[in-house]
Amino acid sequence: MCVAAPAFVASPWDGQLRGLRAEGFYGHDRRLLHTARLLIHGREPEPIGVQPLGPDRVRFTSVHRYQGDPSDDPTLIVERVRTAGQGEFIQLRNVGTVTRRLRLELAPATDLADIADVTRGRPTPTVPCSVPGDGGGLRWRTQTGRAEVRTVGGAGAPEVTDGPEGGTFAWPRIMLRPGEDWHTRVGVARAGPGRPRRGGRWSRPRRSTCGSTASGTTTVPSP
């Protein structure tokens, strides 16, 4: 759990967000992202550790293994540093002796659910996403919430695709020589205010008596 009020992130220990339970990026009482699945050549990296870096940040470390490696020691290290209210920093490091050519994908999706619905376990359908006019990210929008994911920096812009169940950022031609690293930043943000929720009605106070002693009783406003 990373917290930077009014934002927080709830993550499983391996760092992969799969849209399960209450995991996701949150901001202003709304879930901005419930899925952020990282794949290398179509496979999830193998988690090996998690390290808190403060109340608002955590580092997830994993490895990607190759068939035919001469030893069990992994040669590709994957790090994700996740920060509440901002997004995450993704880094790949080649610690082996062979040049690696990689295809990296990040698949984000969301339901833009109100936090009250998430805590009550109410199912909320996934919101379709779209690519903004500049093609630099993915955007989700409903009557009550909006969210946007963009990549910043890194070696080369990703290929961005949208869809009814979520989108994909893809870097299909990453090449890492021995000792080299590659990185990008992924920003997760609220893309503007949604429609405010309708306020609840307030009940009129009433006064009641019990025996010979009078006592004032005020009703609690309905939500």
# chains A, B, ... in the order shown; residues from 1 in each chain; ligands from 1
>>> closest_atom_pairs(of="region 136-174 of chain A", to="region 68-91 of chain A", cutoff="10 Å", atoms="only C-alpha atoms", output="CSV")
residue,atom,partner,partner_atom,distance
A:Val149,CA,A:Gly87,CA,8.5
A:Arg150,CA,A:Gly87,CA,9.3
A:Thr151,CA,A:Gly87,CA,9.6
A:Val152,CA,A:Phe89,CA,9.5
A:Gly154,CA,A:Gln91,CA,9.3
>>> write_last_selection(atoms="N, CA, C and O atoms", output="PDB file, in the first residue's frame")
ATOM      1  N   VAL A 149      -3.677   7.629 -18.786  1.00  0.00           N
ATOM      2  CA  VAL A 149      -2.360   7.025 -18.597  1.00  0.00           C
ATOM      3  C   VAL A 149      -1.481   7.447 -19.765  1.00  0.00           C
ATOM      4  O   VAL A 149      -1.874   7.316 -20.933  1.00  0.00           O
ATOM      5  N   ARG A 150      -0.278   7.943 -19.443  1.00  0.00           N
ATOM      6  CA  ARG A 150       0.662   8.383 -20.472  1.00  0.00           C
ATOM      7  C   ARG A 150       2.059   7.900 -20.118  1.00  0.00           C
ATOM      8  O   ARG A 150       2.398   7.751 -18.949  1.00  0.00           O
ATOM      9  N   THR A 151       2.875   7.685 -21.143  1.00  0.00           N
ATOM     10  CA  THR A 151       4.277   7.348 -20.934  1.00  0.00           C
ATOM     11  C   THR A 151       5.128   8.590 -21.162  1.00  0.00           C
ATOM     12  O   THR A 151       4.827   9.410 -22.035  1.00  0.00           O
ATOM     13  N   VAL A 152       6.187   8.704 -20.366  1.00  0.00           N
ATOM     14  CA  VAL A 152       7.074   9.864 -20.436  1.00  0.00           C
ATOM     15  C   VAL A 152       8.502   9.364 -20.460  1.00  0.00           C
ATOM     16  O   VAL A 152       8.916   8.575 -19.603  1.00  0.00           O
ATOM     17  N   GLY A 154      12.054   7.519 -21.840  1.00  0.00           N
ATOM     18  CA  GLY A 154      12.364   6.205 -22.368  1.00  0.00           C
ATOM     19  C   GLY A 154      12.891   6.298 -23.787  1.00  0.00           C
ATOM     20  O   GLY A 154      12.827   7.345 -24.437  1.00  0.00           O
TER      21      GLY A 154
END
>>> residues_around(residues="Gly135 (chain A)", least_positions_apart="4", cutoff="12 Å", atoms="only C-alpha atoms", output="list in words")
Ser130, Val131, Arg139, Val149, Arg150, Thr151, Ala157, Pro158, Glu159, Val160, Thr161, Asp162 and Phe169 of chain A
>>> closest_residue(among="A:Asp29, A:Asp14, A:Asp117, A:Glu148", to="Glu44 (chain A)", atoms="only C-alpha atoms")
A:Asp14
>>> closest_residue(among="A:Arg146, A:Arg57, A:His34, A:Arg93", to="Ala191 (chain A)", atoms="only C-alpha atoms")
A:Arg146
>>> atom_distance(atom1="CA of Pro6 (chain A)", atom2="CA of Gly145 (chain A)")
15.3 Å
>>> select_by_dssp(residues="region 42-211 of chain A", states="alpha helix (DSSP H)", output="PyMOL selection string")
chain A and resi 115-119
>>> residues_around(residues="Ala147 (chain A)", least_positions_apart="3", cutoff="7 Å", atoms="only C-alpha atoms", output="PyMOL selection string")
chain A and resi 32+139-141+189-191
>>> write_last_selection(atoms="all heavy atoms", output="mmCIF file, in the first residue's frame")
data_model
loop_
_atom_site.group_PDB
_atom_site.id
_atom_site.type_symbol
_atom_site.label_atom_id
_atom_site.label_comp_id
_atom_site.auth_asym_id
_atom_site.auth_seq_id
_atom_site.Cartn_x
_atom_site.Cartn_y
_atom_site.Cartn_z
ATOM 1 N N LEU A 32 -8.763 4.913 -10.401
ATOM 2 C CA LEU A 32 -8.341 5.394 -11.706
ATOM 3 C C LEU A 32 -7.832 4.272 -12.594
ATOM 4 O O LEU A 32 -7.876 4.382 -13.822
ATOM 5 C CB LEU A 32 -7.248 6.450 -11.536
ATOM 6 C CG LEU A 32 -7.598 7.650 -10.650
ATOM 7 C CD1 LEU A 32 -6.417 8.601 -10.570
ATOM 8 C CD2 LEU A 32 -8.839 8.370 -11.182
ATOM 9 N N ARG A 139 -7.122 7.006 -22.519
ATOM 10 C CA ARG A 139 -8.048 7.814 -21.722
ATOM 11 C C ARG A 139 -9.348 7.052 -21.497
ATOM 12 O O ARG A 139 -9.844 6.373 -22.395
ATOM 13 C CB ARG A 139 -8.331 9.135 -22.444
ATOM 14 C CG ARG A 139 -9.191 10.125 -21.680
ATOM 15 C CD ARG A 139 -9.292 11.419 -22.464
ATOM 16 N NE ARG A 139 -7.992 12.077 -22.537
ATOM 17 C CZ ARG A 139 -7.753 13.127 -23.343
ATOM 18 N NH1 ARG A 139 -8.701 13.587 -24.140
ATOM 19 N NH2 ARG A 139 -6.554 13.688 -23.336
ATOM 20 N N TRP A 140 -9.873 7.161 -20.268
ATOM 21 C CA TRP A 140 -11.145 6.558 -19.886
ATOM 22 C C TRP A 140 -12.070 7.667 -19.401
ATOM 23 O O TRP A 140 -11.627 8.599 -18.721
ATOM 24 C CB TRP A 140 -10.975 5.548 -18.774
ATOM 25 C CG TRP A 140 -10.197 4.332 -19.150
ATOM 26 C CD1 TRP A 140 -10.692 3.105 -19.503
ATOM 27 C CD2 TRP A 140 -8.768 4.185 -19.185
ATOM 28 N NE1 TRP A 140 -9.674 2.235 -19.769
ATOM 29 C CE2 TRP A 140 -8.485 2.863 -19.587
ATOM 30 C CE3 TRP A 140 -7.708 5.065 -18.948
ATOM 31 C CZ2 TRP A 140 -7.182 2.404 -19.731
ATOM 32 C CZ3 TRP A 140 -6.413 4.604 -19.096
ATOM 33 C CH2 TRP A 140 -6.158 3.275 -19.487
ATOM 34 N N ARG A 141 -13.373 7.524 -19.708
ATOM 35 C CA ARG A 141 -14.293 8.598 -19.322
ATOM 36 C C ARG A 141 -15.690 8.044 -19.110
ATOM 37 O O ARG A 141 -16.198 7.250 -19.914
ATOM 38 C CB ARG A 141 -14.319 9.675 -20.395
ATOM 39 C CG ARG A 141 -15.235 10.855 -20.073
ATOM 40 C CD ARG A 141 -15.101 11.933 -21.117
ATOM 41 N NE ARG A 141 -15.966 13.078 -20.828
ATOM 42 C CZ ARG A 141 -15.982 14.205 -21.528
ATOM 43 N NH1 ARG A 141 -15.169 14.328 -22.580
ATOM 44 N NH2 ARG A 141 -16.794 15.185 -21.209
ATOM 45 N N ALA A 189 -3.228 9.529 -13.942
ATOM 46 C CA ALA A 189 -3.800 10.751 -13.394
ATOM 47 C C ALA A 189 -5.288 10.824 -13.669
ATOM 48 O O ALA A 189 -5.806 10.192 -14.598
ATOM 49 C CB ALA A 189 -3.110 11.977 -14.002
ATOM 50 N N ARG A 190 -5.960 11.613 -12.859
ATOM 51 C CA ARG A 190 -7.351 11.957 -13.132
ATOM 52 C C ARG A 190 -7.361 12.974 -14.256
ATOM 53 O O ARG A 190 -6.680 13.997 -14.196
ATOM 54 C CB ARG A 190 -8.012 12.530 -11.882
ATOM 55 C CG ARG A 190 -9.511 12.704 -12.005
ATOM 56 C CD ARG A 190 -10.122 13.172 -10.712
ATOM 57 N NE ARG A 190 -9.583 14.453 -10.276
ATOM 58 C CZ ARG A 190 -10.209 15.259 -9.428
ATOM 59 N NH1 ARG A 190 -11.353 14.894 -8.905
ATOM 60 N NH2 ARG A 190 -9.674 16.403 -9.062
ATOM 61 N N ALA A 191 -8.132 12.718 -15.311
ATOM 62 C CA ALA A 191 -8.093 13.550 -16.512
ATOM 63 C C ALA A 191 -9.065 14.711 -16.458
ATOM 64 O O ALA A 191 -9.502 15.214 -17.469
ATOM 65 C CB ALA A 191 -8.393 12.695 -17.748
#
>>> residues_around(residues="Val127 (chain A)", least_positions_apart="6", cutoff="9 Å", atoms="only C-alpha atoms", output="PyMOL selection string")
chain A and resi 109-112+140-142+164-166
>>> atom_distance(atom1="CA of Val118 (chain A)", atom2="CA of Gly24 (chain A)")
10.4 Å
>>> select_by_dssp(residues="region 140-190 of chain A", states="strand (DSSP E)", output="compact mmCIF listing (two decimals) with C-alpha atoms, in the first residue's frame")
# COMPACT_ATOMS: atom_id res chain seq x y z
CA TRP A 140 -11.15 6.56 -19.89
CA ARG A 141 -14.29 8.60 -19.32
CA ARG A 146 -12.10 10.29 -15.87
CA ALA A 147 -8.60 8.87 -15.98
CA GLU A 148 -5.58 9.02 -18.26
CA VAL A 149 -2.36 7.02 -18.60
CA ARG A 150 0.66 8.38 -20.47
CA THR A 151 4.28 7.35 -20.93
CA VAL A 152 7.07 9.86 -20.44
CA GLU A 159 2.70 1.66 -29.90
CA VAL A 160 -0.67 2.47 -28.31
CA THR A 161 -3.88 0.53 -28.93
CA THR A 168 -1.93 -1.66 -24.52
CA PHE A 169 1.38 0.15 -24.60
CA ALA A 170 3.88 -1.90 -26.59
CA TRP A 171 7.62 -1.49 -27.17
CA PRO A 172 8.30 -4.26 -29.72
CA ARG A 173 11.98 -3.67 -30.51
CA ILE A 174 13.94 -3.01 -27.32
CA MET A 175 17.58 -4.06 -27.66
CA LEU A 176 19.80 -4.32 -24.59
CA ASP A 181 19.39 -0.63 -19.22
CA TRP A 182 16.13 0.76 -20.61
CA HIS A 183 13.44 2.70 -18.78
CA THR A 184 10.20 4.63 -19.12
CA ARG A 185 7.80 6.47 -16.82
CA VAL A 186 4.07 5.78 -16.83
CA GLY A 187 1.87 8.55 -15.44
CA VAL A 188 -1.56 7.76 -14.00
CA ALA A 189 -3.80 10.75 -13.39
>>> closest_residue(among="A:Gly163, A:Gly121, A:Pro128, A:Gly156", to="Ala22 (chain A)", atoms="only C-alpha atoms")
A:Gly121
>>> closest_residue(among="A:Arg31, A:Val50, A:Gln67, A:Leu138", to="Thr119 (chain A)", atoms="only C-alpha atoms")
A:Arg31
>>> atom_distance(atom1="CA of Ala10 (chain A)", atom2="CA of Gly27 (chain A)")
11.6 Å
>>> closest_residue(among="A:Gln51, A:Gln143, A:Thr126, A:Gln16", to="Gly167 (chain A)", atoms="only C-alpha atoms")
A:Thr126
>>> residues_around(residues="Pro178 (chain A)", least_positions_apart="4", cutoff="6 Å", atoms="only C-alpha atoms", output="PyMOL selection string")
chain A and resi 94+96-99
>>> write_last_selection(atoms="C-alpha atoms", output="PDB file, in the first residue's frame")
ATOM      1  CA  ASN A  94      20.663  -6.741 -18.886  1.00  0.00           C
ATOM      2  CA  GLY A  96      24.169 -11.060 -18.665  1.00  0.00           C
ATOM      3  CA  THR A  97      26.752 -11.448 -21.414  1.00  0.00           C
ATOM      4  CA  VAL A  98      24.366 -11.777 -24.392  1.00  0.00           C
ATOM      5  CA  THR A  99      22.484  -9.026 -26.233  1.00  0.00           C
TER       6      THR A  99
END
>>> closest_residue(among="A:Val63, A:Leu104, A:Ala5, A:Ala116", to="Ile40 (chain A)", atoms="only C-alpha atoms")
A:Leu104
>>> decode(residues="region 1-141 of chain A", atoms="C-alpha atoms", output="compact mmCIF listing (two decimals), in the first residue's frame")
# COMPACT_ATOMS: atom_id res chain seq x y z
CA MET A 1 0.00 0.00 0.00
CA CYS A 2 1.37 3.42 -1.03
CA VAL A 3 -0.33 6.57 0.26
CA ALA A 4 -0.03 10.24 -0.74
CA ALA A 5 -3.44 11.63 0.24
CA PRO A 6 -5.85 11.94 -1.46
CA ALA A 7 -4.20 9.27 -3.65
CA PHE A 8 -3.13 5.71 -2.83
CA VAL A 9 -2.24 2.46 -4.58
CA ALA A 10 -3.18 -1.05 -3.44
CA SER A 11 -0.98 -3.71 -5.02
CA PRO A 12 -0.30 -7.44 -4.67
CA TRP A 13 3.23 -8.34 -3.65
CA ASP A 14 4.41 -9.06 -7.21
CA GLY A 15 3.38 -5.61 -8.50
CA GLN A 16 1.02 -6.88 -11.18
CA LEU A 17 -2.42 -5.27 -11.12
CA ARG A 18 -4.95 -7.73 -12.54
CA GLY A 19 -8.27 -6.08 -11.69
CA LEU A 20 -8.88 -8.30 -8.67
CA ARG A 21 -10.47 -7.32 -5.37
CA ALA A 22 -9.54 -3.75 -4.33
CA GLU A 23 -6.17 -3.41 -6.07
CA GLY A 24 -5.47 -0.37 -8.21
CA PHE A 25 -4.52 3.30 -8.40
CA TYR A 26 -6.93 5.60 -6.56
CA GLY A 27 -7.43 9.35 -6.50
CA HIS A 28 -10.15 11.52 -4.95
CA ASP A 29 -12.22 8.48 -3.85
CA ARG A 30 -12.25 6.89 -7.31
CA ARG A 31 -10.31 3.99 -8.78
CA LEU A 32 -8.34 5.39 -11.71
CA LEU A 33 -6.75 2.10 -12.76
CA HIS A 34 -7.47 -1.47 -11.66
CA THR A 35 -5.20 -3.28 -14.13
CA ALA A 36 -1.56 -2.67 -15.07
CA ARG A 37 -0.13 -5.95 -16.30
CA LEU A 38 3.46 -6.04 -17.51
CA LEU A 39 4.48 -8.69 -20.06
CA ILE A 40 7.79 -9.57 -21.71
CA HIS A 41 7.37 -11.68 -24.83
CA GLY A 42 3.83 -12.40 -23.65
CA ARG A 43 4.89 -13.68 -20.19
CA GLU A 44 4.75 -12.12 -16.76
CA PRO A 45 8.18 -11.64 -15.16
CA GLU A 46 9.00 -13.85 -12.18
CA PRO A 47 8.78 -11.84 -8.92
CA ILE A 48 11.75 -12.03 -6.55
CA GLY A 49 11.28 -9.14 -4.10
CA VAL A 50 9.42 -6.06 -2.91
CA GLN A 51 10.93 -3.09 -1.04
CA PRO A 52 9.05 -0.15 0.53
CA LEU A 53 10.79 3.15 -0.25
CA GLY A 54 8.62 5.35 1.93
CA PRO A 55 4.93 5.87 2.66
CA ASP A 56 4.17 6.75 -0.97
CA ARG A 57 6.56 4.50 -2.93
CA VAL A 58 7.46 0.84 -3.33
CA ARG A 59 9.86 -1.07 -5.59
CA PHE A 60 8.90 -4.41 -7.16
CA THR A 61 11.76 -6.52 -8.55
CA SER A 62 11.32 -9.44 -10.90
CA VAL A 63 13.32 -11.36 -13.51
CA HIS A 64 12.74 -12.69 -17.01
CA ARG A 65 14.34 -16.04 -17.76
CA TYR A 66 15.38 -17.47 -21.12
CA GLN A 67 15.42 -21.08 -22.19
CA GLY A 68 18.93 -22.25 -22.90
CA ASP A 69 20.64 -19.95 -20.38
CA PRO A 70 23.86 -21.59 -19.16
CA SER A 71 22.89 -21.15 -15.48
CA ASP A 72 19.88 -20.52 -13.28
CA ASP A 73 21.04 -16.98 -12.55
CA PRO A 74 18.66 -14.53 -14.27
CA THR A 75 20.17 -12.14 -16.81
CA LEU A 76 17.27 -9.69 -17.24
CA ILE A 77 16.17 -7.70 -14.18
CA VAL A 78 12.82 -5.89 -14.19
CA GLU A 79 12.11 -3.12 -11.67
CA ARG A 80 8.89 -1.19 -11.14
CA VAL A 81 8.94 1.74 -8.71
CA ARG A 82 5.33 2.68 -7.99
CA THR A 83 4.40 6.07 -6.50
CA ALA A 84 0.95 7.02 -5.22
CA GLY A 85 -0.56 9.97 -7.04
CA GLN A 86 1.93 9.73 -9.91
CA GLY A 87 2.37 6.35 -11.59
CA GLU A 88 5.39 4.11 -11.94
CA PHE A 89 8.95 3.93 -13.25
CA ILE A 90 9.78 0.79 -15.26
CA GLN A 91 13.38 -0.29 -15.82
CA LEU A 92 14.94 -3.28 -17.60
CA ARG A 93 18.59 -4.22 -16.97
CA ASN A 94 20.66 -6.74 -18.89
CA VAL A 95 23.13 -8.19 -16.38
CA GLY A 96 24.17 -11.06 -18.66
CA THR A 97 26.75 -11.45 -21.41
CA VAL A 98 24.37 -11.78 -24.39
CA THR A 99 22.48 -9.03 -26.23
CA ARG A 100 18.74 -9.29 -25.65
CA ARG A 101 15.99 -8.17 -28.04
CA LEU A 102 12.73 -7.66 -26.17
CA ARG A 103 9.05 -7.00 -26.66
CA LEU A 104 7.58 -5.23 -23.64
CA GLU A 105 3.87 -4.64 -23.13
CA LEU A 106 1.90 -2.84 -20.45
CA ALA A 107 -1.85 -3.51 -20.44
CA PRO A 108 -3.89 -0.98 -18.38
CA ALA A 109 -7.65 -1.04 -17.76
CA THR A 110 -10.13 0.42 -15.28
CA ASP A 111 -13.73 0.50 -14.12
CA LEU A 112 -13.54 4.05 -12.67
CA ALA A 113 -15.42 2.70 -9.68
CA ASP A 114 -16.33 4.81 -6.68
CA ILE A 115 -14.31 3.70 -3.67
CA ALA A 116 -17.53 2.96 -1.76
CA ASP A 117 -18.53 0.41 -4.40
CA VAL A 118 -15.07 -1.18 -4.29
CA THR A 119 -15.09 -1.56 -0.50
CA ARG A 120 -18.57 -3.11 -0.62
CA GLY A 121 -17.48 -5.58 -3.29
CA ARG A 122 -19.97 -4.33 -5.85
CA PRO A 123 -19.02 -5.44 -9.39
CA THR A 124 -18.44 -2.57 -11.82
CA PRO A 125 -18.01 -3.10 -15.57
CA THR A 126 -14.74 -2.23 -17.29
CA VAL A 127 -14.82 1.12 -19.07
CA PRO A 128 -13.75 1.26 -22.75
CA CYS A 129 -10.68 3.39 -23.43
CA SER A 130 -9.67 5.65 -26.29
CA VAL A 131 -6.46 7.15 -27.66
CA PRO A 132 -6.28 10.96 -27.38
CA GLY A 133 -5.78 13.01 -30.52
CA ASP A 134 -2.03 13.29 -29.99
CA GLY A 135 -1.73 9.49 -29.72
CA GLY A 136 0.38 9.75 -26.60
CA GLY A 137 -1.66 7.76 -24.13
CA LEU A 138 -4.96 6.16 -23.15
CA ARG A 139 -8.05 7.81 -21.72
CA TRP A 140 -11.15 6.56 -19.89
CA ARG A 141 -14.29 8.60 -19.32
